[in-house]
file model-v9.txt (compact mmCIF, N, CA, C and O atoms)
# COMPACT_ATOMS: atom_id res chain seq x y z
N MET A 6 0.84 -1.18 0.00
CA MET A 6 0.00 0.00 0.00
C MET A 6 0.89 1.24 0.00
O MET A 6 1.89 1.32 0.69
N THR A 7 0.49 2.25 -0.74
CA THR A 7 1.25 3.48 -0.86
C THR A 7 0.79 4.48 0.20
O THR A 7 -0.41 4.63 0.44
N THR A 8 1.74 5.16 0.80
CA THR A 8 1.43 6.19 1.77
C THR A 8 1.54 7.55 1.09
O THR A 8 2.54 7.86 0.46
N VAL A 9 0.51 8.36 1.24
CA VAL A 9 0.50 9.71 0.68
C VAL A 9 0.64 10.67 1.85
O VAL A 9 -0.10 10.59 2.83
N VAL A 10 1.59 11.61 1.73
CA VAL A 10 1.86 12.57 2.79
C VAL A 10 1.59 13.98 2.27
O VAL A 10 2.04 14.35 1.18
N CYS A 11 0.87 14.76 3.05
CA CYS A 11 0.59 16.16 2.71
C CYS A 11 1.88 16.96 2.82
O CYS A 11 2.57 16.89 3.83
N ASP A 12 2.20 17.73 1.80
CA ASP A 12 3.43 18.53 1.81
C ASP A 12 3.31 19.77 2.70
O ASP A 12 4.33 20.38 3.03
N VAL A 13 2.12 20.14 3.09
CA VAL A 13 1.93 21.30 3.97
C VAL A 13 2.02 20.88 5.43
O VAL A 13 2.81 21.42 6.19
N THR A 14 1.23 19.87 5.81
CA THR A 14 1.18 19.45 7.21
C THR A 14 2.21 18.38 7.55
O THR A 14 2.45 18.12 8.72
N LYS A 15 2.79 17.76 6.54
CA LYS A 15 3.77 16.67 6.71
C LYS A 15 3.17 15.46 7.42
O LYS A 15 3.86 14.70 8.08
N LYS A 16 1.85 15.26 7.30
CA LYS A 16 1.16 14.13 7.91
C LYS A 16 0.65 13.20 6.83
O LYS A 16 0.30 13.63 5.73
N ALA A 17 0.60 11.90 7.16
CA ALA A 17 0.07 10.92 6.23
C ALA A 17 -1.44 11.12 6.07
O ALA A 17 -2.13 11.50 7.02
N ILE A 18 -1.93 10.88 4.88
CA ILE A 18 -3.36 11.02 4.59
C ILE A 18 -3.97 9.62 4.60
O ILE A 18 -3.64 8.80 3.75
N PRO A 19 -4.83 9.33 5.57
CA PRO A 19 -5.42 7.99 5.66
C PRO A 19 -6.43 7.75 4.53
O PRO A 19 -7.15 8.66 4.12
N ASN A 20 -6.45 6.53 4.01
CA ASN A 20 -7.36 6.15 2.93
C ASN A 20 -7.30 7.14 1.77
O ASN A 20 -8.33 7.64 1.30
N ALA A 21 -6.10 7.43 1.33
CA ALA A 21 -5.89 8.47 0.31
C ALA A 21 -6.56 8.11 -1.01
O ALA A 21 -6.35 7.03 -1.56
N GLN A 22 -7.39 9.04 -1.49
CA GLN A 22 -8.03 8.93 -2.80
C GLN A 22 -7.93 10.30 -3.45
O GLN A 22 -8.46 11.29 -2.91
N ARG A 23 -7.28 10.34 -4.60
CA ARG A 23 -7.08 11.63 -5.28
C ARG A 23 -8.41 12.31 -5.56
O ARG A 23 -9.37 11.68 -5.97
N ASP A 24 -8.45 13.60 -5.32
CA ASP A 24 -9.61 14.47 -5.51
C ASP A 24 -10.76 14.15 -4.56
O ASP A 24 -11.81 14.77 -4.66
N VAL A 25 -10.56 13.23 -3.64
CA VAL A 25 -11.56 12.97 -2.60
C VAL A 25 -11.06 13.54 -1.28
O VAL A 25 -11.74 14.32 -0.63
N ASN A 26 -9.85 13.14 -0.87
CA ASN A 26 -9.28 13.69 0.36
C ASN A 26 -7.86 14.23 0.18
O ASN A 26 -7.22 14.59 1.15
N TYR A 27 -7.37 14.30 -1.04
CA TYR A 27 -6.12 15.02 -1.34
C TYR A 27 -6.09 15.41 -2.80
O TYR A 27 -6.80 14.85 -3.63
N VAL A 28 -5.31 16.44 -3.11
CA VAL A 28 -5.12 16.90 -4.48
C VAL A 28 -3.62 17.08 -4.74
O VAL A 28 -2.85 17.26 -3.81
N THR A 29 -3.26 17.06 -6.01
CA THR A 29 -1.87 17.27 -6.40
C THR A 29 -1.82 18.52 -7.28
O THR A 29 -2.56 18.61 -8.26
N MET A 30 -0.95 19.47 -6.88
CA MET A 30 -0.78 20.70 -7.63
C MET A 30 0.70 21.00 -7.79
O MET A 30 1.42 20.99 -6.78
N LEU A 31 1.13 21.25 -9.00
CA LEU A 31 2.52 21.61 -9.26
C LEU A 31 3.48 20.68 -8.52
O LEU A 31 4.42 21.12 -7.87
N ASP A 32 3.22 19.40 -8.60
CA ASP A 32 4.08 18.37 -8.01
C ASP A 32 4.07 18.38 -6.48
O ASP A 32 4.99 17.87 -5.85
N LYS A 33 3.07 18.99 -5.87
CA LYS A 33 2.91 19.00 -4.41
C LYS A 33 1.59 18.30 -4.08
O LYS A 33 0.62 18.40 -4.82
N THR A 34 1.55 17.63 -2.95
CA THR A 34 0.35 16.94 -2.50
C THR A 34 -0.23 17.70 -1.31
O THR A 34 0.47 17.96 -0.34
N LEU A 35 -1.52 18.04 -1.40
CA LEU A 35 -2.19 18.79 -0.34
C LEU A 35 -3.43 18.02 0.12
O LEU A 35 -4.19 17.54 -0.72
N SER A 36 -3.61 17.94 1.43
CA SER A 36 -4.85 17.38 1.96
C SER A 36 -5.96 18.39 1.69
O SER A 36 -5.69 19.56 1.39
N MET A 37 -7.20 17.99 1.82
CA MET A 37 -8.30 18.90 1.52
C MET A 37 -8.34 20.10 2.47
O MET A 37 -8.56 21.22 2.00
N PRO A 38 -8.10 19.95 3.78
CA PRO A 38 -8.05 21.16 4.62
C PRO A 38 -6.91 22.11 4.21
O PRO A 38 -7.09 23.33 4.21
N ALA A 39 -5.76 21.57 3.83
CA ALA A 39 -4.66 22.40 3.37
C ALA A 39 -5.01 23.07 2.04
O ALA A 39 -4.65 24.23 1.80
N MET A 40 -5.75 22.37 1.20
CA MET A 40 -6.18 22.93 -0.08
C MET A 40 -7.12 24.11 0.14
O MET A 40 -7.02 25.14 -0.53
N GLU A 41 -8.03 23.98 1.09
CA GLU A 41 -8.95 25.07 1.39
C GLU A 41 -8.19 26.30 1.91
O GLU A 41 -8.50 27.43 1.52
N GLU A 42 -7.20 26.08 2.75
CA GLU A 42 -6.38 27.18 3.27
C GLU A 42 -5.58 27.82 2.13
O GLU A 42 -5.46 29.05 2.05
N PHE A 43 -5.06 27.01 1.23
CA PHE A 43 -4.31 27.50 0.07
C PHE A 43 -5.20 28.39 -0.80
O PHE A 43 -4.80 29.51 -1.17
N GLU A 44 -6.39 27.91 -1.11
CA GLU A 44 -7.31 28.70 -1.94
C GLU A 44 -7.68 30.02 -1.26
O GLU A 44 -7.79 31.05 -1.91
N LYS A 45 -7.86 29.98 0.06
CA LYS A 45 -8.18 31.19 0.82
C LYS A 45 -7.06 32.22 0.72
O LYS A 45 -7.30 33.40 0.47
N ARG A 46 -5.81 31.76 0.87
CA ARG A 46 -4.66 32.68 0.80
C ARG A 46 -4.50 33.28 -0.59
O ARG A 46 -4.23 34.47 -0.74
N VAL A 47 -4.67 32.45 -1.62
CA VAL A 47 -4.55 32.94 -3.00
C VAL A 47 -5.66 33.96 -3.27
O VAL A 47 -5.41 35.03 -3.84
N ARG A 48 -6.87 33.66 -2.84
CA ARG A 48 -8.01 34.57 -3.04
C ARG A 48 -7.75 35.92 -2.37
O ARG A 48 -7.98 36.97 -2.97
N GLU A 49 -7.24 35.90 -1.12
CA GLU A 49 -6.96 37.14 -0.41
C GLU A 49 -5.89 37.97 -1.11
O GLU A 49 -6.02 39.19 -1.23
N LYS A 50 -4.84 37.31 -1.59
CA LYS A 50 -3.76 38.05 -2.27
C LYS A 50 -4.25 38.62 -3.60
O LYS A 50 -3.88 39.73 -3.98
N MET A 51 -5.08 37.88 -4.32
CA MET A 51 -5.57 38.36 -5.61
C MET A 51 -6.56 39.51 -5.43
O MET A 51 -6.63 40.40 -6.26
N ARG A 52 -7.31 39.51 -4.36
CA ARG A 52 -8.25 40.61 -4.11
C ARG A 52 -7.52 41.91 -3.83
O ARG A 52 -8.05 42.99 -4.08
N SER A 53 -6.31 41.83 -3.30
CA SER A 53 -5.55 43.06 -3.01
C SER A 53 -5.02 43.72 -4.27
O SER A 53 -4.67 44.90 -4.25
N ASN A 54 -4.96 42.99 -5.39
CA ASN A 54 -4.51 43.56 -6.66
C ASN A 54 -5.63 44.39 -7.27
O ASN A 54 -6.80 44.02 -7.20
N LYS A 55 -5.26 45.48 -7.90
CA LYS A 55 -6.25 46.38 -8.52
C LYS A 55 -6.88 45.76 -9.76
O LYS A 55 -8.07 45.83 -9.97
N GLN A 56 -6.05 45.15 -10.59
CA GLN A 56 -6.53 44.61 -11.85
C GLN A 56 -6.10 43.16 -11.97
O GLN A 56 -4.95 42.81 -11.69
N TYR A 57 -7.02 42.29 -12.42
CA TYR A 57 -6.71 40.87 -12.57
C TYR A 57 -5.83 40.65 -13.79
O TYR A 57 -6.06 41.21 -14.85
N SER A 58 -4.82 39.80 -13.60
CA SER A 58 -3.95 39.39 -14.69
C SER A 58 -3.63 37.92 -14.47
O SER A 58 -3.27 37.52 -13.36
N PHE A 59 -3.77 37.12 -15.51
CA PHE A 59 -3.51 35.69 -15.37
C PHE A 59 -2.04 35.44 -15.02
O PHE A 59 -1.74 34.54 -14.24
N ALA A 60 -1.13 36.24 -15.54
CA ALA A 60 0.29 36.10 -15.23
C ALA A 60 0.54 36.35 -13.74
O ALA A 60 1.30 35.62 -13.09
N VAL A 61 -0.12 37.36 -13.19
CA VAL A 61 0.01 37.65 -11.75
C VAL A 61 -0.60 36.52 -10.95
O VAL A 61 -0.04 36.09 -9.94
N TYR A 62 -1.75 36.00 -11.39
CA TYR A 62 -2.41 34.88 -10.70
C TYR A 62 -1.49 33.66 -10.63
O TYR A 62 -1.34 33.04 -9.59
N LYS A 63 -0.85 33.33 -11.75
CA LYS A 63 0.06 32.18 -11.78
C LYS A 63 1.23 32.38 -10.82
O LYS A 63 1.64 31.44 -10.12
N LYS A 64 1.76 33.60 -10.74
CA LYS A 64 2.87 33.89 -9.84
C LYS A 64 2.43 33.79 -8.38
O LYS A 64 3.10 33.17 -7.56
N VAL A 65 1.28 34.36 -8.06
CA VAL A 65 0.75 34.28 -6.69
C VAL A 65 0.47 32.83 -6.32
O VAL A 65 0.82 32.38 -5.22
N TYR A 66 -0.13 32.08 -7.22
CA TYR A 66 -0.44 30.66 -7.02
C TYR A 66 0.82 29.88 -6.67
O TYR A 66 0.88 29.15 -5.69
N ARG A 67 1.86 30.06 -7.48
CA ARG A 67 3.14 29.36 -7.28
C ARG A 67 3.83 29.80 -5.99
O ARG A 67 4.31 28.97 -5.21
N ASP A 68 3.84 31.11 -5.73
CA ASP A 68 4.51 31.63 -4.53
C ASP A 68 3.83 31.16 -3.25
O ASP A 68 4.50 30.77 -2.30
N VAL A 69 2.51 31.21 -3.21
CA VAL A 69 1.78 30.78 -2.01
C VAL A 69 1.97 29.29 -1.79
O VAL A 69 2.20 28.84 -0.66
N LEU A 70 1.91 28.51 -2.85
CA LEU A 70 2.10 27.06 -2.72
C LEU A 70 3.50 26.74 -2.20
O LEU A 70 3.65 25.94 -1.27
N ASN A 71 4.51 27.37 -2.75
CA ASN A 71 5.89 27.12 -2.29
C ASN A 71 6.09 27.59 -0.85
O ASN A 71 6.78 26.93 -0.08
N GLN A 72 5.46 28.69 -0.48
CA GLN A 72 5.58 29.19 0.89
C GLN A 72 4.91 28.24 1.88
O GLN A 72 5.45 27.96 2.94
N MET A 73 3.75 27.70 1.53
CA MET A 73 3.03 26.78 2.42
C MET A 73 3.75 25.44 2.55
O MET A 73 3.64 24.80 3.59
N CYS A 74 4.47 25.03 1.53
CA CYS A 74 5.10 23.70 1.53
C CYS A 74 6.55 23.72 2.01
O CYS A 74 7.27 22.75 1.81
N LYS A 75 6.98 24.78 2.63
CA LYS A 75 8.36 24.84 3.14
C LYS A 75 8.56 23.85 4.25
O LYS A 75 7.75 23.53 5.02
call {"tool": "encode", "arguments": {"input": "model-v9.txt", "output": "structure tokens"}}
result
Amino acid sequence: MTTVVCDVTKKAIPNAQRDVNYVTMLDKTLSMPAMEEFEKRVREKMRSNKQYSFAVYKKVYRDVLNQMCK
């Protein structure tokens, strides 16, 4: 049996099923609670920008993910 570990919390995910209780983004594995926190942080940072830009969104997405997975 394969063990899946959340890259944010560093804890094993019991009964791991992709897109049910964990997701994979940019080669990182996040549990669903960590995913919700990630989305919240990205949303808050993007709201602080005056104008939406997909390039800025991709940078914020990558930066927040890397910061959370340290």
call {"tool": "residues_around", "arguments": {"input": "model-v9.txt", "residues": "Lys50 of chain A", "least_positions_apart": "5", "cutoff": "8 Å", "atoms": "all atoms listed in the file", "output": "list in words"}}
result
Phe43, Glu44, Lys45, Lys55, Val61 and Val65 of chain A
call {"tool": "select_by_dssp", "arguments": {"input": "model-v9.txt", "residues": "segment 19-53 of chain A", "states": "strand (DSSP E or B)", "output": "tab-separated table (two decimals) with N, CA, C and O atoms, in the coordinates of the input"}}
result
chain	number	residue	atom	x	y	z
A	23	ARG	N	-7.28	10.34	-4.60
A	23	ARG	CA	-7.08	11.63	-5.28
A	23	ARG	C	-8.41	12.31	-5.56
A	23	ARG	O	-9.37	11.68	-5.97
A	27	TYR	N	-7.37	14.30	-1.04
A	27	TYR	CA	-6.12	15.02	-1.34
A	27	TYR	C	-6.09	15.41	-2.80
A	27	TYR	O	-6.80	14.85	-3.63
A	28	VAL	N	-5.31	16.44	-3.11
A	28	VAL	CA	-5.12	16.90	-4.48
A	28	VAL	C	-3.62	17.08	-4.74
A	28	VAL	O	-2.85	17.26	-3.81
A	29	THR	N	-3.26	17.06	-6.01
A	29	THR	CA	-1.87	17.27	-6.40
A	29	THR	C	-1.82	18.52	-7.28
A	29	THR	O	-2.56	18.61	-8.26
A	30	MET	N	-0.95	19.47	-6.88
A	30	MET	CA	-0.78	20.70	-7.63
A	30	MET	C	0.70	21.00	-7.79
A	30	MET	O	1.42	20.99	-6.78
A	33	LYS	N	3.07	18.99	-5.87
A	33	LYS	CA	2.91	19.00	-4.41
A	33	LYS	C	1.59	18.30	-4.08
A	33	LYS	O	0.62	18.40	-4.82
A	34	THR	N	1.55	17.63	-2.95
A	34	THR	CA	0.35	16.94	-2.50
A	34	THR	C	-0.23	17.70	-1.31
A	34	THR	O	0.47	17.96	-0.34
A	35	LEU	N	-1.52	18.04	-1.40
A	35	LEU	CA	-2.19	18.79	-0.34
A	35	LEU	C	-3.43	18.02	0.12
A	35	LEU	O	-4.19	17.54	-0.72
A	36	SER	N	-3.61	17.94	1.43
A	36	SER	CA	-4.85	17.38	1.96
A	36	SER	C	-5.96	18.39	1.69
A	36	SER	O	-5.69	19.56	1.39
call {"tool": "atom_distance", "arguments": {"input": "model-v9.txt", "atom1": "atom C of Lys15 of chain A", "atom2": "atom CA of Tyr62 of chain A"}}
result
27.1 Å
call {"tool": "atom_distance", "arguments": {"input": "model-v9.txt", "atom1": "atom CA of Asp32 of chain A", "atom2": "atom CA of Ala17 of chain A"}}
result
16.6 Å
call {"tool": "atom_distance", "arguments": {"input": "model-v9.txt", "atom1": "atom N of Asn54 of chain A", "atom2": "atom CA of Tyr66 of chain A"}}
result
13.2 Å
call {"tool": "residues_near_point", "arguments": {"input": "model-v9.txt", "point": "(4.1, 14.3, 1.9)", "cutoff": "12 Å", "atoms": "only C-alpha atoms", "output": "VMD selection string"}}
result
chain A and resid 7 to 18 21 27 to 29 32 to 36 74 to 75
call {"tool": "axis_aligned_box", "arguments": {"input": "model-v9.txt", "around": "segment 57-67 of chain A", "padding_each_side": "8 Å", "output": "JSON"}}
result
{"center_x": -1.4, "center_y": 35.6, "center_z": -10.4, "size_x": 27.3, "size_y": 29.3, "size_z": 26.3}
call {"tool": "select_by_dssp", "arguments": {"input": "model-v9.txt", "residues": "chain A", "states": "alpha helix (DSSP H)", "output": "JSON, numbers by chain"}}
result
{"A": [37, 38, 39, 40, 41, 42, 43, 44, 45, 46, 47, 48, 49, 50, 51, 52, 53, 59, 60, 61, 62, 63, 64, 65, 66, 67, 68, 69, 70, 71, 72, 73]}
call {"tool": "closest_residue", "arguments": {"input": "model-v9.txt", "among": "A:Phe59, A:Val69, A:Gln22, A:Leu31", "to": "Val47 of chain A", "atoms": "all atoms listed in the file"}}
result
A:Val69
call {"tool": "closest_residue", "arguments": {"input": "model-v9.txt", "among": "A:Asp68, A:Gln56, A:Arg46, A:Met37", "to": "Val25 of chain A", "atoms": "all atoms listed in the file"}}
result
A:Met37
call {"tool": "decode", "arguments": {"input": "model-v9.txt", "residues": "segment 37-68 of chain A", "atoms": "N, CA and C atoms", "output": "compact mmCIF listing (two decimals), in the first residue's frame"}}
result
# COMPACT_ATOMS: atom_id res chain seq x y z
N MET A 37 -7.20 17.99 1.82
CA MET A 37 -8.30 18.90 1.52
C MET A 37 -8.34 20.10 2.47
N PRO A 38 -8.10 19.95 3.78
CA PRO A 38 -8.05 21.16 4.62
C PRO A 38 -6.91 22.11 4.21
N ALA A 39 -5.76 21.57 3.83
CA ALA A 39 -4.66 22.40 3.37
C ALA A 39 -5.01 23.07 2.04
N MET A 40 -5.75 22.37 1.20
CA MET A 40 -6.18 22.93 -0.08
C MET A 40 -7.12 24.11 0.14
N GLU A 41 -8.03 23.98 1.09
CA GLU A 41 -8.95 25.07 1.39
C GLU A 41 -8.19 26.30 1.91
N GLU A 42 -7.20 26.08 2.75
CA GLU A 42 -6.38 27.18 3.27
C GLU A 42 -5.58 27.82 2.13
N PHE A 43 -5.06 27.01 1.23
CA PHE A 43 -4.31 27.50 0.07
C PHE A 43 -5.20 28.39 -0.80
N GLU A 44 -6.39 27.91 -1.11
CA GLU A 44 -7.31 28.70 -1.94
C GLU A 44 -7.68 30.02 -1.26
N LYS A 45 -7.86 29.98 0.06
CA LYS A 45 -8.18 31.19 0.82
C LYS A 45 -7.06 32.22 0.72
N ARG A 46 -5.81 31.76 0.87
CA ARG A 46 -4.66 32.68 0.80
C ARG A 46 -4.50 33.28 -0.59
N VAL A 47 -4.67 32.45 -1.62
CA VAL A 47 -4.55 32.94 -3.00
C VAL A 47 -5.66 33.96 -3.27
N ARG A 48 -6.87 33.66 -2.84
CA ARG A 48 -8.01 34.57 -3.04
C ARG A 48 -7.75 35.92 -2.37
N GLU A 49 -7.24 35.90 -1.12
CA GLU A 49 -6.96 37.14 -0.41
C GLU A 49 -5.89 37.97 -1.11
N LYS A 50 -4.84 37.31 -1.59
CA LYS A 50 -3.76 38.05 -2.27
C LYS A 50 -4.25 38.62 -3.60
N MET A 51 -5.08 37.88 -4.32
CA MET A 51 -5.57 38.36 -5.61
C MET A 51 -6.56 39.51 -5.43
N ARG A 52 -7.31 39.51 -4.36
CA ARG A 52 -8.25 40.61 -4.11
C ARG A 52 -7.52 41.91 -3.83
N SER A 53 -6.31 41.83 -3.30
CA SER A 53 -5.55 43.06 -3.01
C SER A 53 -5.02 43.72 -4.27
N ASN A 54 -4.96 42.99 -5.39
CA ASN A 54 -4.51 43.56 -6.66
C ASN A 54 -5.63 44.39 -7.27
N LYS A 55 -5.26 45.48 -7.90
CA LYS A 55 -6.25 46.38 -8.52
C LYS A 55 -6.88 45.76 -9.76
N GLN A 56 -6.05 45.15 -10.59
CA GLN A 56 -6.53 44.61 -11.85
C GLN A 56 -6.10 43.16 -11.97
N TYR A 57 -7.02 42.29 -12.42
CA TYR A 57 -6.71 40.87 -12.57
C TYR A 57 -5.83 40.65 -13.79
N SER A 58 -4.82 39.80 -13.60
CA SER A 58 -3.95 39.39 -14.69
C SER A 58 -3.63 37.92 -14.47
N PHE A 59 -3.77 37.12 -15.51
CA PHE A 59 -3.51 35.69 -15.37
C PHE A 59 -2.04 35.44 -15.02
N ALA A 60 -1.13 36.24 -15.54
CA ALA A 60 0.29 36.10 -15.23
C ALA A 60 0.54 36.35 -13.74
N VAL A 61 -0.12 37.36 -13.19
CA VAL A 61 0.01 37.65 -11.75
C VAL A 61 -0.60 36.52 -10.95
N TYR A 62 -1.75 36.00 -11.39
CA TYR A 62 -2.41 34.88 -10.70
C TYR A 62 -1.49 33.66 -10.63
N LYS A 63 -0.85 33.33 -11.75
CA LYS A 63 0.06 32.18 -11.78
C LYS A 63 1.23 32.38 -10.82
N LYS A 64 1.76 33.60 -10.74
CA LYS A 64 2.87 33.89 -9.84
C LYS A 64 2.43 33.79 -8.38
N VAL A 65 1.28 34.36 -8.06
CA VAL A 65 0.75 34.28 -6.69
C VAL A 65 0.47 32.83 -6.32
N TYR A 66 -0.13 32.08 -7.22
CA TYR A 66 -0.44 30.66 -7.02
C TYR A 66 0.82 29.88 -6.67
N ARG A 67 1.86 30.06 -7.48
CA ARG A 67 3.14 29.36 -7.28
C ARG A 67 3.83 29.80 -5.99
N ASP A 68 3.84 31.11 -5.73
CA ASP A 68 4.51 31.63 -4.53
C ASP A 68 3.83 31.16 -3.25
